[in-house]
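What follows is the content of model_9.cif, which has mmCIF, C-alpha atoms:
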```
data_coords
loop_
_atom_site.label_atom_id
_atom_site.label_comp_id
_atom_site.auth_asym_id
_atom_site.auth_seq_id
_atom_site.Cartn_x
_atom_site.Cartn_y
_atom_site.Cartn_z
CA MET A 879 91.20 118.23 105.88
CA ALA A 880 87.99 117.97 103.86
CA GLN A 881 86.08 114.77 104.42
CA LEU A 882 84.28 112.90 101.67
CA LYS A 883 80.62 111.91 101.96
CA VAL A 884 78.35 109.23 100.61
CA GLY A 885 77.47 110.05 97.01
CA ASP A 886 80.77 111.82 96.26
CA LYS A 887 82.82 110.58 93.34
CA ALA A 888 85.69 108.47 94.71
CA PRO A 889 89.02 110.17 93.98
CA ASP A 890 90.76 108.06 91.35
CA PHE A 891 94.31 106.88 91.86
CA THR A 892 97.00 104.65 90.42
CA LEU A 893 99.38 103.12 92.96
CA LEU A 894 101.87 100.25 93.02
CA ASP A 895 100.82 97.10 94.86
CA GLN A 896 103.03 94.79 96.90
CA ASN A 897 104.18 93.03 93.70
CA GLY A 898 105.07 96.22 91.84
CA ASN A 899 101.92 96.15 89.68
CA LYS A 900 99.98 99.35 89.00
CA VAL A 901 96.44 99.33 90.37
CA LYS A 902 94.03 101.99 89.07
CA LEU A 903 90.77 102.46 90.95
CA SER A 904 88.79 103.48 87.85
CA SER A 905 89.79 100.22 86.12
CA LEU A 906 87.67 98.38 88.72
CA ARG A 907 84.38 100.02 87.66
CA GLY A 908 81.54 97.54 87.61
CA LYS A 909 82.57 96.09 90.98
CA SER A 910 82.20 97.23 94.56
CA VAL A 911 85.60 98.20 95.96
CA LEU A 912 86.55 98.61 99.61
CA VAL A 913 89.38 101.14 99.80
CA TYR A 914 90.78 101.15 103.31
CA PHE A 915 93.64 103.17 104.73
CA TYR A 916 95.84 101.84 107.51
CA PRO A 917 98.79 103.51 109.28
CA LYS A 918 101.56 100.90 109.04
CA ALA A 919 102.00 97.34 107.78
CA ASP A 920 102.57 94.59 110.34
CA THR A 921 101.54 96.55 113.43
CA PRO A 922 98.93 95.03 115.79
CA GLY A 923 95.85 97.05 114.73
CA CYS A 924 96.71 96.96 111.05
CA THR A 925 97.35 93.21 111.20
CA ALA A 926 94.00 92.59 112.93
CA GLN A 927 92.21 94.71 110.33
CA ALA A 928 93.91 93.08 107.33
CA CYS A 929 93.44 89.54 108.67
CA GLY A 930 89.77 90.28 109.43
CA LEU A 931 89.28 91.33 105.82
CA ARG A 932 91.25 88.31 104.55
CA ASP A 933 88.95 86.05 106.55
CA ILE A 934 85.78 87.38 104.83
CA LEU A 935 87.07 87.44 101.23
CA GLY A 936 85.00 84.33 100.46
CA GLU A 937 81.83 86.11 101.61
CA ILE A 938 82.03 89.31 99.54
CA GLY A 939 81.39 87.97 96.04
CA ASP A 940 83.25 89.87 93.34
CA ALA A 941 83.86 92.90 95.55
CA VAL A 942 87.50 94.00 95.66
CA VAL A 943 89.52 94.93 98.77
CA LEU A 944 92.36 97.44 98.43
CA GLY A 945 94.52 98.33 101.43
CA ILE A 946 96.54 101.56 101.31
CA SER A 947 99.33 102.76 103.59
CA PRO A 948 102.46 104.91 103.25
CA ASP A 949 104.63 101.77 103.37
CA PRO A 950 106.80 100.99 100.30
CA PRO A 951 105.87 97.97 98.12
CA ALA A 952 108.60 95.76 99.65
CA ARG A 953 107.19 96.24 103.16
CA GLN A 954 103.66 95.62 101.86
CA ALA A 955 104.90 92.38 100.22
CA LYS A 956 106.38 91.12 103.52
CA PHE A 957 103.11 91.93 105.29
CA ASP A 958 101.09 90.07 102.64
CA GLN A 959 103.40 87.03 102.68
CA LYS A 960 103.52 86.84 106.48
CA TYR A 961 99.71 86.72 106.83
CA GLY A 962 98.61 85.38 103.42
CA LEU A 963 96.31 88.36 102.89
CA GLY A 964 95.51 87.74 99.24
CA PHE A 965 94.42 91.24 98.23
CA PRO A 966 96.32 94.26 96.88
CA LEU A 967 98.23 96.38 99.39
CA LEU A 968 99.01 99.72 97.79
CA ALA A 969 101.96 102.01 98.49
CA ASP A 970 100.96 105.67 98.96
CA GLU A 971 104.44 106.77 100.00
CA ASP A 972 103.84 110.50 99.43
CA HIS A 973 100.36 110.18 101.04
CA ALA A 974 98.77 112.05 98.11
CA VAL A 975 95.90 109.54 97.90
CA ALA A 976 95.39 109.66 101.67
CA GLU A 977 95.14 113.45 101.41
CA ALA A 978 92.61 113.18 98.55
CA TYR A 979 90.43 110.97 100.78
CA GLY A 980 90.85 113.24 103.82
CA VAL A 981 92.61 110.60 105.93
CA TRP A 982 96.05 112.23 106.32
CA GLY A 983 95.93 114.28 109.48
CA GLU A 984 97.28 115.17 112.86
CA LYS A 985 97.55 112.33 115.33
CA LYS A 986 98.60 112.13 118.95
CA ASN A 987 100.36 109.20 120.57
CA TYR A 988 102.07 109.13 123.95
CA GLY A 989 101.96 112.92 124.10
CA LYS A 990 103.59 113.38 120.70
CA THR A 991 101.80 115.07 117.81
CA TYR A 992 102.59 114.00 114.27
CA MET A 993 101.02 113.62 110.82
CA GLY A 994 99.78 110.21 109.75
CA ILE A 995 96.99 108.02 108.43
CA ILE A 996 93.65 108.21 110.21
CA ARG A 997 92.34 104.64 109.84
CA SER A 998 89.35 104.89 107.52
CA ALA A 999 87.48 102.86 104.92
CA PHE A 1000 85.38 103.69 101.86
CA LEU A 1001 83.04 101.48 99.87
CA VAL A 1002 83.11 102.56 96.22
CA ASP A 1003 80.12 101.42 94.16
CA GLU A 1004 80.11 100.02 90.63
CA LYS A 1005 79.87 103.53 89.15
CA GLY A 1006 82.80 104.98 91.11
CA LYS A 1007 80.74 106.80 93.74
CA LEU A 1008 81.13 106.44 97.51
CA ALA A 1009 78.41 104.12 98.82
CA GLU A 1010 79.76 104.14 102.41
CA VAL A 1011 82.28 106.29 104.28
CA TRP A 1012 83.81 105.22 107.59
CA TYR A 1013 86.28 107.68 109.10
CA LYS A 1014 88.18 106.62 112.23
CA ILE A 1015 87.01 103.02 111.86
CA SER A 1016 88.24 100.36 114.26
CA PRO A 1017 90.13 97.35 112.89
CA ALA A 1018 87.40 94.98 114.14
CA ASP A 1019 84.57 96.99 112.55
CA THR A 1020 86.07 97.12 109.05
CA PRO A 1021 85.08 93.58 107.94
CA LYS A 1022 81.73 93.75 109.80
CA ASN A 1023 80.79 97.06 108.18
CA LEU A 1024 81.81 95.79 104.73
CA LEU A 1025 79.67 92.65 105.06
CA ALA A 1026 76.68 94.67 106.30
CA ALA A 1027 76.99 97.24 103.49
CA LEU A 1028 77.27 94.57 100.79
CA ALA A 1029 74.24 92.72 102.20
CA ALA A 1030 72.10 95.90 102.24
#
```

Same coordinates, now as structure tokens:
Amino acid sequence: MAQLKVGDKAPDFTLLDQNGNKVKLSSLRGKSVLVYFYPKADTPGCTAQACGLRDILGEIGDAVVLGISPDPPARQAKFDQKYGLGFPLLADEDHAVAEAYGVWGEKKNYGKTYMGIIRSAFLVDEKGKLAEVWYKISPADTPKNLLAALAA
């Protein structure tokens, strides 16, 4: 699993959001975009991460937040409605985008080994390059790191 680094061109993608709309990363050029990957909608860590980001939306100017998980759009929609997240949640059901970002990998939980999302976040600059790369980020650090990077 090759990891991306600061300065790399962000892999472009087009995915469906929770409302069935297509979201294309390259169409957001000119804005900072946080692309964050989470394992599963409506689980404790993913909920804490998403709600933490929701709570800072008023502090990030015109920056865009995009959450990506393997969940289908209908599950993403329930997650958004339940917590009033207010930003696109994208369905990467075949995990092709996760693989392009190097966040689909082997995980271990309760002695079982399986493939899944390694919680990570990427700040894409106005030109489509990676300004920040956070692999294995904690849910609590995601909003803090975003605020710090945007303030820098």

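Considering the residues A:Lys985, A:Leu967, A:Lys909, A:Ala976 and counting only C-alpha atoms, Ile938 (chain A) has its shortest atom-to-atom contact with A:Lys909.
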
Could you state the separation of CA of Glu1010 (chain A) and CA of Lys960 (chain A) in Å, given to one decimal place?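 Between CA of Glu1010 (chain A) and CA of Lys960 (chain A) the gap is 29.7 Å.
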
Nearest to Leu906 (chain A), chosen from A:Ala941, A:Gly994, A:Gln927, A:Leu1024, with all atoms listed in the file counted in the distances: A:Ala941

List, as a PDB file with C-alpha atoms, in the coordinates of the input, every residue that the PyMOL selection byres ((chain A and resi 911-913) around 10) selects in the file provided.
```pdb
ATOM      1  CA  ALA A 888      85.690 108.470  94.710  1.00  0.00           C
ATOM      2  CA  LEU A 903      90.770 102.460  90.950  1.00  0.00           C
ATOM      3  CA  LEU A 906      87.670  98.380  88.720  1.00  0.00           C
ATOM      4  CA  ARG A 907      84.380 100.020  87.660  1.00  0.00           C
ATOM      5  CA  GLY A 908      81.540  97.540  87.610  1.00  0.00           C
ATOM      6  CA  LYS A 909      82.570  96.090  90.980  1.00  0.00           C
ATOM      7  CA  SER A 910      82.200  97.230  94.560  1.00  0.00           C
ATOM      8  CA  TYR A 914      90.780 101.150 103.310  1.00  0.00           C
ATOM      9  CA  PHE A 915      93.640 103.170 104.730  1.00  0.00           C
ATOM     10  CA  LEU A 931      89.280  91.330 105.820  1.00  0.00           C
ATOM     11  CA  ASP A 940      83.250  89.870  93.340  1.00  0.00           C
ATOM     12  CA  ALA A 941      83.860  92.900  95.550  1.00  0.00           C
ATOM     13  CA  VAL A 942      87.500  94.000  95.660  1.00  0.00           C
ATOM     14  CA  VAL A 943      89.520  94.930  98.770  1.00  0.00           C
ATOM     15  CA  LEU A 944      92.360  97.440  98.430  1.00  0.00           C
ATOM     16  CA  GLY A 945      94.520  98.330 101.430  1.00  0.00           C
ATOM     17  CA  ILE A 946      96.540 101.560 101.310  1.00  0.00           C
ATOM     18  CA  LEU A 968      99.010  99.720  97.790  1.00  0.00           C
ATOM     19  CA  TYR A 979      90.430 110.970 100.780  1.00  0.00           C
ATOM     20  CA  SER A 998      89.350 104.890 107.520  1.00  0.00           C
ATOM     21  CA  ALA A 999      87.480 102.860 104.920  1.00  0.00           C
ATOM     22  CA  PHE A1000      85.380 103.690 101.860  1.00  0.00           C
ATOM     23  CA  LEU A1001      83.040 101.480  99.870  1.00  0.00           C
ATOM     24  CA  VAL A1002      83.110 102.560  96.220  1.00  0.00           C
ATOM     25  CA  ASP A1003      80.120 101.420  94.160  1.00  0.00           C
ATOM     26  CA  GLU A1004      80.110 100.020  90.630  1.00  0.00           C
ATOM     27  CA  GLY A1006      82.800 104.980  91.110  1.00  0.00           C
ATOM     28  CA  LEU A1008      81.130 106.440  97.510  1.00  0.00           C
ATOM     29  CA  ALA A1009      78.410 104.120  98.820  1.00  0.00           C
ATOM     30  CA  GLU A1010      79.760 104.140 102.410  1.00  0.00           C
ATOM     31  CA  VAL A1011      82.280 106.290 104.280  1.00  0.00           C
ATOM     32  CA  THR A1020      86.070  97.120 109.050  1.00  0.00           C
ATOM     33  CA  PRO A1021      85.080  93.580 107.940  1.00  0.00           C
ATOM     34  CA  LEU A1024      81.810  95.790 104.730  1.00  0.00           C
TER      35      LEU A1024
END
```

Identify, on the basis of all atoms listed in the file, every residue whose closest approach to Ala919 (chain A) does not exceed 7 Å; exclude the query and any residue fewer than 4 positions from it along the same chain; express the result as a ChimeraX atom specification. /A:924,949,954,957

What separation in Å, quoted to one decimal, exists between CA of Pro1017 (chain A) and CA of Ala926 (chain A)? 6.1 Å

Under the PyMOL selection byres ((chain A and resi 1015) around 6), which residues of this model are included? Write them out as a PyMOL selection string. chain A and resi 997-998+1012-1014+1016

Extract, using only C-alpha atoms, all DNA, RNA and protein residues at most 12 Å from Lys986 (chain A), discarding same-chain residues fewer than 5 positions from it, and format them as a PDB file with C-alpha atoms, in the coordinates of the input.
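Output contents, as saved in selection_24.pdb:
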```
ATOM      1  CA  THR A 991     101.800 115.070 117.810  1.00  0.00           C
ATOM      2  CA  TYR A 992     102.590 114.000 114.270  1.00  0.00           C
ATOM      3  CA  MET A 993     101.020 113.620 110.820  1.00  0.00           C
ATOM      4  CA  GLY A 994      99.780 110.210 109.750  1.00  0.00           C
ATOM      5  CA  ILE A 995      96.990 108.020 108.430  1.00  0.00           C
ATOM      6  CA  ILE A 996      93.650 108.210 110.210  1.00  0.00           C
TER       7      ILE A 996
END
```

Using only C-alpha atoms, which of A:Ser905, A:Thr925, A:Thr892, A:Gln959 sits nearest Lys1005 (chain A)?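 Of all the options, A:Ser905 lies closest to Lys1005 (chain A).
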
Separating CA of Gln881 (chain A) from CA of Tyr916 (chain A), to the nearest tenth of an Å, is a gap of 16.5 Å

Choose the residue, out of A:Ser947, A:Ala978, A:Pro966, A:Leu935, that has the smallest atom-to-atom separation from Thr921 (chain A); count only C-alpha atoms. A:Ser947

I'd like to know which of A:Ile934, A:Trp982, A:Asn987, A:Ala1030 is closest to Ala880 (chain A), using only C-alpha atoms.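 Of A:Ile934, A:Trp982, A:Asn987, A:Ala1030, the one nearest Ala880 (chain A), counting only C-alpha atoms, is A:Trp982.
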
Enclose all atoms of region 903-919 of chain A listed in the file in an axis-aligned box, grow every side by 5 Å, and hand back centre and edge lengths in Å to one decimal, as lines of an AutoDock Vina configuration file.
```
center_x = 91.8
center_y = 99.8
center_z = 97.7
size_x = 30.5
size_y = 17.4
size_z = 33.2
```

Write out as a list in words each polymer residue whose atoms come within 12 Å of Pro950 (chain A), counting all atoms listed in the file; drop sequence neighbours fewer than 4 positions from it.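 Here the answer would be Leu893, Leu894, Asp895, Gln896, Asn897, Gly898, Lys918, Ala919, Ile946, Gln954, Ala955, Lys956, Phe957, Leu967, Leu968, Ala969, Asp970, Glu971, Asp972 and His973 of chain A.
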
Could you model all heavy atoms for region 1004-1015 of chain A and present them as a compact mmCIF listing (two decimals), in the frame of the given file?
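Contents of result.txt, as written:
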```txt
# COMPACT_ATOMS: atom_id res chain seq x y z
N GLU A 1004 79.77 100.43 91.99
CA GLU A 1004 80.11 100.02 90.63
C GLU A 1004 80.32 101.19 89.68
O GLU A 1004 80.97 101.07 88.65
CB GLU A 1004 79.01 99.10 90.06
CG GLU A 1004 78.83 97.79 90.79
CD GLU A 1004 77.97 97.89 92.06
OE1 GLU A 1004 77.46 99.00 92.38
OE2 GLU A 1004 77.82 96.87 92.75
N LYS A 1005 79.76 102.35 90.02
CA LYS A 1005 79.87 103.53 89.15
C LYS A 1005 80.98 104.48 89.59
O LYS A 1005 81.15 105.55 89.01
CB LYS A 1005 78.53 104.27 89.13
CG LYS A 1005 77.42 103.45 88.49
CD LYS A 1005 76.13 104.25 88.40
CE LYS A 1005 75.09 103.48 87.65
NZ LYS A 1005 74.05 102.92 88.49
N GLY A 1006 81.71 104.12 90.66
CA GLY A 1006 82.80 104.98 91.11
C GLY A 1006 82.40 106.02 92.14
O GLY A 1006 83.17 106.94 92.43
N LYS A 1007 81.20 105.87 92.70
CA LYS A 1007 80.74 106.80 93.74
C LYS A 1007 80.89 106.14 95.12
O LYS A 1007 80.88 104.91 95.23
CB LYS A 1007 79.27 107.16 93.53
CG LYS A 1007 79.01 107.87 92.22
CD LYS A 1007 78.48 109.24 92.48
CE LYS A 1007 77.99 109.88 91.20
NZ LYS A 1007 78.74 111.02 90.80
N LEU A 1008 80.99 106.96 96.15
CA LEU A 1008 81.13 106.44 97.51
C LEU A 1008 79.76 105.98 98.02
O LEU A 1008 78.83 106.79 98.15
CB LEU A 1008 81.72 107.50 98.44
CG LEU A 1008 83.15 107.93 98.09
CD1 LEU A 1008 83.60 109.06 99.00
CD2 LEU A 1008 84.09 106.76 98.19
N ALA A 1009 79.64 104.69 98.28
CA ALA A 1009 78.41 104.12 98.82
C ALA A 1009 78.41 104.17 100.35
O ALA A 1009 77.36 104.28 100.97
CB ALA A 1009 78.25 102.67 98.35
N GLU A 1010 79.60 104.07 100.95
CA GLU A 1010 79.76 104.14 102.41
C GLU A 1010 81.07 104.85 102.72
O GLU A 1010 82.05 104.71 101.97
CB GLU A 1010 79.80 102.75 103.04
CG GLU A 1010 78.51 101.95 102.91
CD GLU A 1010 77.39 102.44 103.79
OE1 GLU A 1010 77.64 103.23 104.73
OE2 GLU A 1010 76.24 102.04 103.55
N VAL A 1011 81.09 105.58 103.83
CA VAL A 1011 82.28 106.29 104.28
C VAL A 1011 82.42 106.05 105.77
O VAL A 1011 81.49 106.32 106.53
CB VAL A 1011 82.14 107.81 104.00
CG1 VAL A 1011 83.29 108.60 104.61
CG2 VAL A 1011 82.04 108.08 102.50
N TRP A 1012 83.56 105.49 106.16
CA TRP A 1012 83.81 105.22 107.59
C TRP A 1012 85.13 105.85 108.00
O TRP A 1012 86.19 105.25 107.81
CB TRP A 1012 83.85 103.72 107.86
CG TRP A 1012 82.61 102.97 107.50
CD1 TRP A 1012 81.40 103.02 108.13
CD2 TRP A 1012 82.45 102.00 106.45
NE1 TRP A 1012 80.51 102.16 107.53
CE2 TRP A 1012 81.12 101.52 106.50
CE3 TRP A 1012 83.31 101.48 105.46
CZ2 TRP A 1012 80.63 100.57 105.61
CZ3 TRP A 1012 82.81 100.54 104.57
CH2 TRP A 1012 81.49 100.09 104.67
N TYR A 1013 85.07 107.05 108.56
CA TYR A 1013 86.28 107.68 109.10
C TYR A 1013 86.52 107.15 110.51
O TYR A 1013 85.57 106.84 111.24
CB TYR A 1013 86.14 109.20 109.13
CG TYR A 1013 86.33 109.84 107.76
CD1 TYR A 1013 85.25 110.23 106.99
CD2 TYR A 1013 87.61 110.02 107.24
CE1 TYR A 1013 85.42 110.80 105.73
CE2 TYR A 1013 87.79 110.59 105.98
CZ TYR A 1013 86.70 110.97 105.24
OH TYR A 1013 86.88 111.52 103.99
N LYS A 1014 87.78 107.06 110.89
CA LYS A 1014 88.18 106.62 112.23
C LYS A 1014 87.55 105.28 112.58
O LYS A 1014 87.03 105.07 113.68
CB LYS A 1014 87.85 107.67 113.29
CG LYS A 1014 88.62 108.96 113.07
CD LYS A 1014 88.36 109.98 114.17
CE LYS A 1014 89.16 111.23 113.91
NZ LYS A 1014 88.88 112.28 114.87
N ILE A 1015 87.61 104.34 111.65
CA ILE A 1015 87.01 103.02 111.86
C ILE A 1015 87.95 102.16 112.70
O ILE A 1015 89.17 102.31 112.61
CB ILE A 1015 86.69 102.35 110.50
CG1 ILE A 1015 85.77 101.15 110.70
CG2 ILE A 1015 87.97 101.98 109.75
CD1 ILE A 1015 85.16 100.64 109.40
```
